[in-house]
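One file, coords-v8.txt, is given below (compact mmCIF, N, CA and C atoms).
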```
# COMPACT_ATOMS: atom_id res chain seq x y z
N MET C 1 0.80 -1.17 0.00
CA MET C 1 0.00 0.00 0.00
C MET C 1 0.86 1.26 0.00
N GLU C 2 1.93 1.11 0.76
CA GLU C 2 2.84 2.25 0.83
C GLU C 2 3.44 2.54 -0.54
N LEU C 3 3.75 1.54 -1.27
CA LEU C 3 4.33 1.71 -2.59
C LEU C 3 3.33 2.38 -3.54
N ILE C 4 2.08 2.01 -3.47
CA ILE C 4 1.06 2.61 -4.34
C ILE C 4 0.90 4.10 -4.01
N SER C 5 0.88 4.40 -2.73
CA SER C 5 0.73 5.81 -2.33
C SER C 5 1.95 6.62 -2.77
N ASP C 6 3.16 6.05 -2.70
CA ASP C 6 4.36 6.76 -3.16
C ASP C 6 4.30 7.00 -4.69
N ILE C 7 3.86 5.99 -5.41
CA ILE C 7 3.76 6.13 -6.87
C ILE C 7 2.74 7.22 -7.22
N LEU C 8 1.60 7.23 -6.54
CA LEU C 8 0.59 8.26 -6.80
C LEU C 8 1.11 9.65 -6.42
N LEU C 9 1.88 9.72 -5.34
CA LEU C 9 2.45 11.01 -4.93
C LEU C 9 3.46 11.51 -5.96
N ILE C 10 4.29 10.63 -6.47
CA ILE C 10 5.27 11.01 -7.49
C ILE C 10 4.54 11.41 -8.79
N ALA C 11 3.50 10.67 -9.17
CA ALA C 11 2.73 11.00 -10.38
C ALA C 11 2.06 12.37 -10.22
N GLY C 12 1.53 12.64 -9.06
CA GLY C 12 0.90 13.95 -8.81
C GLY C 12 1.92 15.07 -8.89
N ALA C 13 3.14 14.84 -8.33
CA ALA C 13 4.18 15.87 -8.37
C ALA C 13 4.63 16.10 -9.81
N LEU C 14 4.78 15.02 -10.60
CA LEU C 14 5.15 15.17 -12.00
C LEU C 14 4.05 15.88 -12.79
N GLY C 15 2.80 15.58 -12.52
CA GLY C 15 1.68 16.26 -13.19
C GLY C 15 1.67 17.75 -12.85
N ALA C 16 1.90 18.07 -11.59
CA ALA C 16 1.94 19.47 -11.17
C ALA C 16 3.12 20.20 -11.83
N ALA C 17 4.28 19.54 -11.92
CA ALA C 17 5.45 20.15 -12.55
C ALA C 17 5.18 20.39 -14.04
N PHE C 18 4.56 19.41 -14.71
CA PHE C 18 4.22 19.57 -16.12
C PHE C 18 3.22 20.72 -16.31
N TYR C 19 2.24 20.79 -15.42
CA TYR C 19 1.24 21.85 -15.48
C TYR C 19 1.90 23.23 -15.28
N CYS C 20 2.86 23.31 -14.37
CA CYS C 20 3.58 24.57 -14.12
C CYS C 20 4.40 24.99 -15.35
N VAL C 21 5.02 24.02 -16.04
CA VAL C 21 5.79 24.34 -17.24
C VAL C 21 4.86 24.87 -18.33
N VAL C 22 3.72 24.23 -18.52
CA VAL C 22 2.76 24.68 -19.53
C VAL C 22 2.27 26.10 -19.19
N LEU C 23 1.93 26.34 -17.93
CA LEU C 23 1.46 27.66 -17.51
C LEU C 23 2.55 28.73 -17.70
N SER C 24 3.78 28.34 -17.43
CA SER C 24 4.89 29.27 -17.58
C SER C 24 5.04 29.70 -19.03
N ARG C 25 4.95 28.76 -19.95
CA ARG C 25 5.06 29.08 -21.38
C ARG C 25 3.91 29.97 -21.83
N ARG C 26 2.70 29.64 -21.39
CA ARG C 26 1.55 30.46 -21.77
C ARG C 26 1.67 31.88 -21.22
N LEU C 27 2.12 32.00 -20.01
CA LEU C 27 2.26 33.32 -19.40
C LEU C 27 3.34 34.14 -20.12
N ARG C 28 4.42 33.47 -20.53
CA ARG C 28 5.48 34.15 -21.25
C ARG C 28 4.95 34.67 -22.60
N ARG C 29 4.17 33.85 -23.32
CA ARG C 29 3.57 34.29 -24.59
C ARG C 29 2.53 35.39 -24.37
N PHE C 30 1.80 35.31 -23.30
CA PHE C 30 0.77 36.30 -22.97
C PHE C 30 1.39 37.67 -22.74
N ASN C 31 2.51 37.70 -22.06
CA ASN C 31 3.17 38.97 -21.73
C ASN C 31 4.19 39.42 -22.76
N ASP C 32 4.33 38.70 -23.85
CA ASP C 32 5.28 39.07 -24.89
C ASP C 32 4.92 40.46 -25.43
N LEU C 33 5.91 41.36 -25.51
CA LEU C 33 5.65 42.75 -25.89
C LEU C 33 5.41 42.92 -27.39
N GLU C 34 5.73 41.93 -28.20
CA GLU C 34 5.54 42.08 -29.64
C GLU C 34 4.25 41.41 -30.13
N LYS C 35 3.92 40.25 -29.59
CA LYS C 35 2.80 39.49 -30.14
C LYS C 35 1.62 39.36 -29.17
N GLY C 36 1.86 39.35 -27.93
CA GLY C 36 0.80 39.03 -26.97
C GLY C 36 0.01 40.25 -26.51
N VAL C 37 -0.69 40.03 -25.41
CA VAL C 37 -1.53 41.06 -24.82
C VAL C 37 -0.65 42.21 -24.31
N GLY C 38 0.54 41.91 -23.88
CA GLY C 38 1.45 42.96 -23.42
C GLY C 38 1.75 43.95 -24.53
N GLY C 39 1.93 43.44 -25.75
CA GLY C 39 2.16 44.31 -26.90
C GLY C 39 0.93 45.15 -27.20
N ALA C 40 -0.25 44.53 -27.10
CA ALA C 40 -1.49 45.27 -27.34
C ALA C 40 -1.66 46.37 -26.30
N ILE C 41 -1.33 46.06 -25.06
CA ILE C 41 -1.43 47.07 -24.00
C ILE C 41 -0.44 48.20 -24.24
N ALA C 42 0.77 47.86 -24.69
CA ALA C 42 1.76 48.90 -24.97
C ALA C 42 1.32 49.79 -26.12
N VAL C 43 0.76 49.20 -27.18
CA VAL C 43 0.27 49.98 -28.31
C VAL C 43 -0.88 50.88 -27.89
N LEU C 44 -1.82 50.33 -27.12
CA LEU C 44 -2.96 51.13 -26.66
C LEU C 44 -2.51 52.27 -25.75
N SER C 45 -1.51 52.01 -24.93
CA SER C 45 -0.99 53.05 -24.06
C SER C 45 -0.40 54.20 -24.89
N GLY C 46 0.34 53.87 -25.93
CA GLY C 46 0.88 54.90 -26.82
C GLY C 46 -0.22 55.68 -27.52
N GLN C 47 -1.27 54.98 -27.95
CA GLN C 47 -2.38 55.66 -28.61
C GLN C 47 -3.11 56.60 -27.65
N VAL C 48 -3.24 56.17 -26.39
CA VAL C 48 -3.88 57.04 -25.39
C VAL C 48 -3.05 58.30 -25.19
N ASP C 49 -1.74 58.17 -25.17
CA ASP C 49 -0.88 59.35 -25.02
C ASP C 49 -1.04 60.29 -26.22
N ASP C 50 -1.07 59.72 -27.42
CA ASP C 50 -1.26 60.55 -28.63
C ASP C 50 -2.61 61.27 -28.61
N MET C 51 -3.64 60.55 -28.22
CA MET C 51 -4.97 61.15 -28.16
C MET C 51 -5.04 62.25 -27.11
N THR C 52 -4.35 62.06 -26.00
CA THR C 52 -4.33 63.09 -24.96
C THR C 52 -3.67 64.36 -25.48
N ARG C 53 -2.55 64.22 -26.18
CA ARG C 53 -1.88 65.39 -26.75
C ARG C 53 -2.77 66.08 -27.78
N THR C 54 -3.42 65.29 -28.64
CA THR C 54 -4.30 65.86 -29.67
C THR C 54 -5.48 66.58 -29.03
N LEU C 55 -6.02 66.00 -27.97
CA LEU C 55 -7.14 66.63 -27.27
C LEU C 55 -6.73 67.95 -26.65
N LYS C 56 -5.53 68.01 -26.08
CA LYS C 56 -5.05 69.28 -25.50
C LYS C 56 -4.87 70.34 -26.58
N LYS C 57 -4.35 69.94 -27.75
CA LYS C 57 -4.21 70.90 -28.85
C LYS C 57 -5.58 71.40 -29.31
N ALA C 58 -6.54 70.49 -29.42
CA ALA C 58 -7.89 70.87 -29.86
C ALA C 58 -8.54 71.80 -28.84
N GLN C 59 -8.33 71.54 -27.56
CA GLN C 59 -8.88 72.43 -26.53
C GLN C 59 -8.26 73.81 -26.62
N GLY C 60 -6.96 73.88 -26.88
CA GLY C 60 -6.31 75.18 -27.04
C GLY C 60 -6.85 75.94 -28.25
N ALA C 61 -7.04 75.22 -29.36
CA ALA C 61 -7.59 75.87 -30.56
C ALA C 61 -9.02 76.33 -30.31
N ALA C 62 -9.80 75.53 -29.61
CA ALA C 62 -11.19 75.92 -29.31
C ALA C 62 -11.23 77.14 -28.40
N THR C 63 -10.31 77.21 -27.46
CA THR C 63 -10.26 78.37 -26.57
C THR C 63 -9.93 79.63 -27.37
N GLY C 64 -8.96 79.52 -28.27
CA GLY C 64 -8.61 80.66 -29.12
C GLY C 64 -9.76 81.07 -30.02
N SER C 65 -10.46 80.09 -30.59
CA SER C 65 -11.60 80.40 -31.45
C SER C 65 -12.72 81.06 -30.65
N THR C 66 -12.93 80.61 -29.44
CA THR C 66 -13.96 81.19 -28.60
C THR C 66 -13.66 82.66 -28.32
N ALA C 67 -12.42 82.95 -27.99
CA ALA C 67 -12.03 84.34 -27.72
C ALA C 67 -12.21 85.18 -28.98
N SER C 68 -11.82 84.66 -30.12
CA SER C 68 -11.97 85.40 -31.38
C SER C 68 -13.44 85.64 -31.71
N LEU C 69 -14.27 84.61 -31.51
CA LEU C 69 -15.70 84.76 -31.78
C LEU C 69 -16.35 85.76 -30.83
N LYS C 70 -15.93 85.79 -29.58
CA LYS C 70 -16.47 86.78 -28.64
C LYS C 70 -16.12 88.18 -29.10
N ASP C 71 -14.89 88.37 -29.55
CA ASP C 71 -14.46 89.68 -30.04
C ASP C 71 -15.27 90.09 -31.27
N LEU C 72 -15.41 89.16 -32.23
CA LEU C 72 -16.16 89.47 -33.44
C LEU C 72 -17.63 89.73 -33.14
N THR C 73 -18.20 88.99 -32.21
CA THR C 73 -19.60 89.20 -31.84
C THR C 73 -19.79 90.58 -31.22
N GLY C 74 -18.86 90.97 -30.37
CA GLY C 74 -18.92 92.30 -29.76
C GLY C 74 -18.84 93.40 -30.82
N ARG C 75 -17.93 93.22 -31.77
CA ARG C 75 -17.80 94.22 -32.84
C ARG C 75 -19.06 94.26 -33.69
N ALA C 76 -19.65 93.10 -33.98
CA ALA C 76 -20.87 93.05 -34.79
C ALA C 76 -22.03 93.73 -34.06
N GLU C 77 -22.13 93.52 -32.76
CA GLU C 77 -23.19 94.18 -32.00
C GLU C 77 -23.01 95.69 -32.02
N THR C 78 -21.78 96.16 -31.91
CA THR C 78 -21.51 97.60 -31.95
C THR C 78 -21.90 98.17 -33.31
N VAL C 79 -21.51 97.48 -34.37
CA VAL C 79 -21.85 97.95 -35.72
C VAL C 79 -23.35 97.92 -35.94
N SER C 80 -24.03 96.90 -35.43
CA SER C 80 -25.49 96.84 -35.62
C SER C 80 -26.17 97.99 -34.89
N ARG C 81 -25.68 98.36 -33.71
CA ARG C 81 -26.25 99.52 -33.00
C ARG C 81 -26.07 100.79 -33.81
N LYS C 82 -24.85 100.94 -34.38
CA LYS C 82 -24.60 102.13 -35.20
C LYS C 82 -25.51 102.15 -36.42
N LEU C 83 -25.70 101.00 -37.06
CA LEU C 83 -26.58 100.93 -38.23
C LEU C 83 -28.02 101.24 -37.85
N GLU C 84 -28.47 100.76 -36.70
CA GLU C 84 -29.81 101.07 -36.25
C GLU C 84 -29.98 102.57 -36.05
N LEU C 85 -28.97 103.21 -35.48
CA LEU C 85 -29.03 104.66 -35.29
C LEU C 85 -29.07 105.39 -36.63
N LEU C 86 -28.26 104.91 -37.60
CA LEU C 86 -28.26 105.54 -38.91
C LEU C 86 -29.61 105.38 -39.61
N VAL C 87 -30.20 104.20 -39.52
CA VAL C 87 -31.51 103.97 -40.14
C VAL C 87 -32.56 104.85 -39.46
N ALA C 88 -32.50 104.96 -38.13
CA ALA C 88 -33.44 105.82 -37.41
C ALA C 88 -33.24 107.27 -37.82
N ALA C 89 -32.00 107.69 -38.02
CA ALA C 89 -31.73 109.05 -38.44
C ALA C 89 -32.23 109.29 -39.86
N MET C 90 -32.20 108.29 -40.70
CA MET C 90 -32.70 108.44 -42.07
C MET C 90 -34.20 108.70 -42.09
N HIS C 91 -34.94 108.18 -41.12
CA HIS C 91 -36.39 108.41 -41.05
C HIS C 91 -36.68 109.86 -40.69
N ASP C 92 -35.75 110.54 -40.04
CA ASP C 92 -35.95 111.92 -39.64
C ASP C 92 -35.68 112.91 -40.75
N LEU C 93 -35.06 112.49 -41.85
CA LEU C 93 -34.75 113.38 -42.96
C LEU C 93 -36.04 113.79 -43.67
N PRO C 94 -36.11 115.05 -44.14
CA PRO C 94 -37.31 115.47 -44.87
C PRO C 94 -37.36 114.81 -46.24
N ASP C 95 -38.58 114.56 -46.70
CA ASP C 95 -38.76 113.98 -48.03
C ASP C 95 -38.57 115.05 -49.08
N THR C 96 -37.73 114.78 -50.06
CA THR C 96 -37.55 115.70 -51.17
C THR C 96 -38.10 115.04 -52.41
N PRO C 97 -38.68 115.84 -53.30
CA PRO C 97 -39.27 115.22 -54.50
C PRO C 97 -38.21 114.52 -55.34
N GLY C 98 -38.56 113.37 -55.84
CA GLY C 98 -37.66 112.64 -56.72
C GLY C 98 -36.62 111.79 -56.01
N MET C 99 -36.52 111.87 -54.70
CA MET C 99 -35.51 111.09 -53.98
C MET C 99 -35.96 109.65 -53.73
N ARG C 100 -37.24 109.43 -53.74
CA ARG C 100 -37.71 108.08 -53.45
C ARG C 100 -37.61 107.17 -54.66
N ASN C 101 -37.72 107.73 -55.86
CA ASN C 101 -37.67 106.91 -57.07
C ASN C 101 -36.23 106.81 -57.55
N ALA C 102 -35.94 105.69 -58.12
CA ALA C 102 -34.60 105.48 -58.68
C ALA C 102 -34.49 106.26 -59.97
N PRO C 103 -33.29 106.73 -60.32
CA PRO C 103 -33.13 107.46 -61.58
C PRO C 103 -33.45 106.56 -62.77
N GLU C 104 -33.92 107.18 -63.83
CA GLU C 104 -34.28 106.42 -65.02
C GLU C 104 -33.03 105.84 -65.65
N PRO C 105 -33.11 104.63 -66.18
CA PRO C 105 -31.93 104.07 -66.84
C PRO C 105 -31.64 104.80 -68.13
N ARG C 106 -30.36 104.94 -68.40
CA ARG C 106 -29.94 105.63 -69.61
C ARG C 106 -29.84 104.64 -70.76
N PRO C 107 -30.07 105.12 -71.97
CA PRO C 107 -29.91 104.21 -73.11
C PRO C 107 -28.44 103.84 -73.31
N GLY C 108 -28.20 102.95 -74.20
CA GLY C 108 -26.86 102.41 -74.42
C GLY C 108 -25.81 103.43 -74.80
N ASN C 109 -26.18 104.62 -75.33
CA ASN C 109 -25.16 105.58 -75.73
C ASN C 109 -24.68 106.43 -74.56
N GLY C 110 -25.26 106.27 -73.36
CA GLY C 110 -24.80 107.00 -72.19
C GLY C 110 -25.41 108.38 -72.05
N ARG C 111 -26.30 108.78 -72.92
CA ARG C 111 -26.94 110.10 -72.84
C ARG C 111 -28.26 109.97 -72.09
N HIS C 112 -28.63 111.03 -71.44
CA HIS C 112 -29.93 111.08 -70.78
C HIS C 112 -31.00 111.17 -71.85
N PRO C 113 -32.19 110.59 -71.63
CA PRO C 113 -33.20 110.57 -72.70
C PRO C 113 -33.62 111.97 -73.19
N GLN C 114 -33.57 112.98 -72.31
CA GLN C 114 -33.99 114.31 -72.73
C GLN C 114 -32.88 115.09 -73.43
N GLU C 115 -31.64 114.60 -73.39
CA GLU C 115 -30.54 115.30 -74.04
C GLU C 115 -30.69 115.24 -75.54
N PRO C 116 -30.42 116.34 -76.21
CA PRO C 116 -30.46 116.28 -77.68
C PRO C 116 -29.28 115.47 -78.21
N VAL C 117 -29.50 114.75 -79.25
CA VAL C 117 -28.46 113.94 -79.86
C VAL C 117 -27.67 114.83 -80.81
N ALA C 118 -26.37 114.95 -80.57
CA ALA C 118 -25.53 115.78 -81.42
C ALA C 118 -25.08 114.97 -82.61
N GLU C 119 -24.71 115.68 -83.63
CA GLU C 119 -24.19 115.02 -84.81
C GLU C 119 -22.87 114.35 -84.48
N ALA C 120 -22.58 113.26 -85.13
CA ALA C 120 -21.33 112.55 -84.89
C ALA C 120 -20.17 113.41 -85.34
N ASP C 121 -19.16 113.48 -84.50
CA ASP C 121 -18.00 114.28 -84.86
C ASP C 121 -16.99 113.45 -85.63
N GLU C 122 -15.85 114.07 -85.92
CA GLU C 122 -14.83 113.44 -86.74
C GLU C 122 -14.28 112.16 -86.14
N PHE C 123 -14.08 112.16 -84.82
CA PHE C 123 -13.44 111.00 -84.18
C PHE C 123 -14.35 109.78 -84.20
N SER C 124 -15.64 109.99 -84.08
CA SER C 124 -16.53 108.83 -84.06
C SER C 124 -16.68 108.22 -85.44
N ARG C 125 -16.35 108.97 -86.52
CA ARG C 125 -16.46 108.44 -87.86
C ARG C 125 -15.24 107.62 -88.26
N GLN C 126 -14.13 107.85 -87.57
CA GLN C 126 -12.90 107.16 -87.93
C GLN C 126 -12.94 105.72 -87.43
N GLU C 127 -12.29 104.85 -88.16
CA GLU C 127 -12.16 103.46 -87.75
C GLU C 127 -11.12 103.39 -86.64
N PRO C 128 -11.34 102.63 -85.61
CA PRO C 128 -10.36 102.53 -84.52
C PRO C 128 -9.12 101.78 -84.98
N ASP C 129 -8.02 102.09 -84.31
CA ASP C 129 -6.74 101.44 -84.59
C ASP C 129 -6.85 99.97 -84.16
N PRO C 130 -6.58 99.00 -85.05
CA PRO C 130 -6.76 97.58 -84.70
C PRO C 130 -5.88 97.12 -83.55
N SER C 131 -4.78 97.82 -83.27
CA SER C 131 -3.89 97.38 -82.19
C SER C 131 -4.30 97.95 -80.84
N SER C 132 -5.27 98.88 -80.80
CA SER C 132 -5.65 99.48 -79.53
C SER C 132 -6.62 98.58 -78.78
N PRO C 133 -6.63 98.65 -77.45
CA PRO C 133 -7.55 97.82 -76.66
C PRO C 133 -9.00 98.20 -76.90
N ASP C 134 -9.28 99.47 -77.22
CA ASP C 134 -10.65 99.88 -77.46
C ASP C 134 -11.22 99.19 -78.71
N ALA C 135 -10.38 99.01 -79.71
CA ALA C 135 -10.83 98.33 -80.93
C ALA C 135 -11.21 96.90 -80.63
N PHE C 136 -10.47 96.26 -79.75
CA PHE C 136 -10.79 94.88 -79.37
C PHE C 136 -12.14 94.82 -78.67
N ARG C 137 -12.38 95.78 -77.76
CA ARG C 137 -13.65 95.80 -77.03
C ARG C 137 -14.82 96.02 -77.98
N SER C 138 -14.65 96.94 -78.94
CA SER C 138 -15.76 97.22 -79.84
C SER C 138 -16.03 96.01 -80.76
N ARG C 139 -14.98 95.27 -81.13
CA ARG C 139 -15.18 94.08 -81.96
C ARG C 139 -15.84 92.96 -81.16
N ARG C 140 -15.50 92.89 -79.88
CA ARG C 140 -16.03 91.83 -79.03
C ARG C 140 -17.49 92.06 -78.74
N ASN C 141 -17.89 93.28 -78.54
CA ASN C 141 -19.28 93.59 -78.22
C ASN C 141 -20.06 93.52 -79.47
```
Could you spell out this file's structure in structure tokens?
Amino acid sequence: MELISDILLIAGALGAAFYCVVLSRRLRRFNDLEKGVGGAIAVLSGQVDDMTRTLKKAQGAATGSTASLKDLTGRAETVSRKLELLVAAMHDLPDTPGMRNAPEPRPGNGRHPQEPVAEADEFSRQEPDPSSPDAFRSRRN
């Protein structure tokens, strides 16, 4: 009986030693910095650091933009107050005849419709110089 118990004790010790060797190998692969979870943790840690730096830069840019927008909003409010005062002052001006209607459009020759048409002078009868820019414009139109 003693011999059987010794054999079982030795078998149990050998089984435990084999189990420890297997666990040791698995743990070594698990913590490997290139392939295992240790490598994944190292990569994620680096990414967290990069994201933290990027977030700080974005917060700085947002703070600067906020200050700029506050300044521009203040300036816009000041200008709008001035414009409101100008519009209110325009209502106080007396009405003068003809100021409310837009001026009549002039015909293509640039003369007012009531102006008498003068006879064409010497320069308008001459052909323009082909090398001048005015000649190009008149040909294009």
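For the atom pair formed by CA of Glu84 (chain C) and CA of Ser65 (chain C), the distance is 28.0 Å, given to one decimal.
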- Message: Just to confirm, what's the straight-line distance from CA of Ala40 (chain C) to atom C of Arg26 (chain C) in Å (one decimal)?
- Response: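 Between these atoms lies a distance of 15.1 Å.
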- Task: Mind giving me the straight-line distance from atom C of Leu27 (chain C) to atom N of Ser45 (chain C) in Å, one decimal?
- Result: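 Atom N of Ser45 (chain C) lies 19.1 Å from atom C of Leu27 (chain C).
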N, CA, C and O atoms restored at region 27-40 of chain C, emitted as an mmCIF file, keeping the file's coordinate frame:
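Once everything was written out, this is result-v8.cif:
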```
data_model
loop_
_atom_site.group_PDB
_atom_site.id
_atom_site.type_symbol
_atom_site.label_atom_id
_atom_site.label_comp_id
_atom_site.auth_asym_id
_atom_site.auth_seq_id
_atom_site.Cartn_x
_atom_site.Cartn_y
_atom_site.Cartn_z
ATOM 1 N N LEU C 27 2.120 32.000 -20.010
ATOM 2 C CA LEU C 27 2.260 33.320 -19.400
ATOM 3 C C LEU C 27 3.340 34.140 -20.120
ATOM 4 O O LEU C 27 3.190 35.345 -20.314
ATOM 5 N N ARG C 28 4.420 33.470 -20.530
ATOM 6 C CA ARG C 28 5.480 34.150 -21.250
ATOM 7 C C ARG C 28 4.950 34.670 -22.600
ATOM 8 O O ARG C 28 5.218 35.803 -22.997
ATOM 9 N N ARG C 29 4.170 33.850 -23.320
ATOM 10 C CA ARG C 29 3.570 34.290 -24.590
ATOM 11 C C ARG C 29 2.530 35.390 -24.370
ATOM 12 O O ARG C 29 2.404 36.315 -25.156
ATOM 13 N N PHE C 30 1.800 35.310 -23.300
ATOM 14 C CA PHE C 30 0.770 36.300 -22.970
ATOM 15 C C PHE C 30 1.390 37.670 -22.740
ATOM 16 O O PHE C 30 0.853 38.679 -23.165
ATOM 17 N N ASN C 31 2.510 37.700 -22.060
ATOM 18 C CA ASN C 31 3.170 38.970 -21.730
ATOM 19 C C ASN C 31 4.190 39.420 -22.760
ATOM 20 O O ASN C 31 4.861 40.439 -22.553
ATOM 21 N N ASP C 32 4.330 38.700 -23.850
ATOM 22 C CA ASP C 32 5.280 39.070 -24.890
ATOM 23 C C ASP C 32 4.920 40.460 -25.430
ATOM 24 O O ASP C 32 3.779 40.754 -25.776
ATOM 25 N N LEU C 33 5.910 41.360 -25.510
ATOM 26 C CA LEU C 33 5.650 42.750 -25.890
ATOM 27 C C LEU C 33 5.410 42.920 -27.390
ATOM 28 O O LEU C 33 4.970 43.965 -27.829
ATOM 29 N N GLU C 34 5.730 41.930 -28.200
ATOM 30 C CA GLU C 34 5.540 42.080 -29.640
ATOM 31 C C GLU C 34 4.250 41.410 -30.130
ATOM 32 O O GLU C 34 3.576 41.941 -30.983
ATOM 33 N N LYS C 35 3.920 40.250 -29.590
ATOM 34 C CA LYS C 35 2.800 39.490 -30.140
ATOM 35 C C LYS C 35 1.620 39.360 -29.170
ATOM 36 O O LYS C 35 0.485 39.269 -29.615
ATOM 37 N N GLY C 36 1.860 39.350 -27.930
ATOM 38 C CA GLY C 36 0.800 39.030 -26.970
ATOM 39 C C GLY C 36 0.010 40.250 -26.510
ATOM 40 O O GLY C 36 0.029 41.329 -27.090
ATOM 41 N N VAL C 37 -0.690 40.030 -25.410
ATOM 42 C CA VAL C 37 -1.530 41.060 -24.820
ATOM 43 C C VAL C 37 -0.650 42.210 -24.310
ATOM 44 O O VAL C 37 -1.058 43.359 -24.346
ATOM 45 N N GLY C 38 0.540 41.910 -23.880
ATOM 46 C CA GLY C 38 1.450 42.960 -23.420
ATOM 47 C C GLY C 38 1.750 43.950 -24.530
ATOM 48 O O GLY C 38 1.792 45.167 -24.313
ATOM 49 N N GLY C 39 1.930 43.440 -25.750
ATOM 50 C CA GLY C 39 2.160 44.310 -26.900
ATOM 51 C C GLY C 39 0.930 45.150 -27.200
ATOM 52 O O GLY C 39 1.031 46.341 -27.502
ATOM 53 N N ALA C 40 -0.250 44.530 -27.100
ATOM 54 C CA ALA C 40 -1.490 45.270 -27.340
ATOM 55 C C ALA C 40 -1.660 46.370 -26.300
ATOM 56 O O ALA C 40 -2.060 47.489 -26.615
#
```
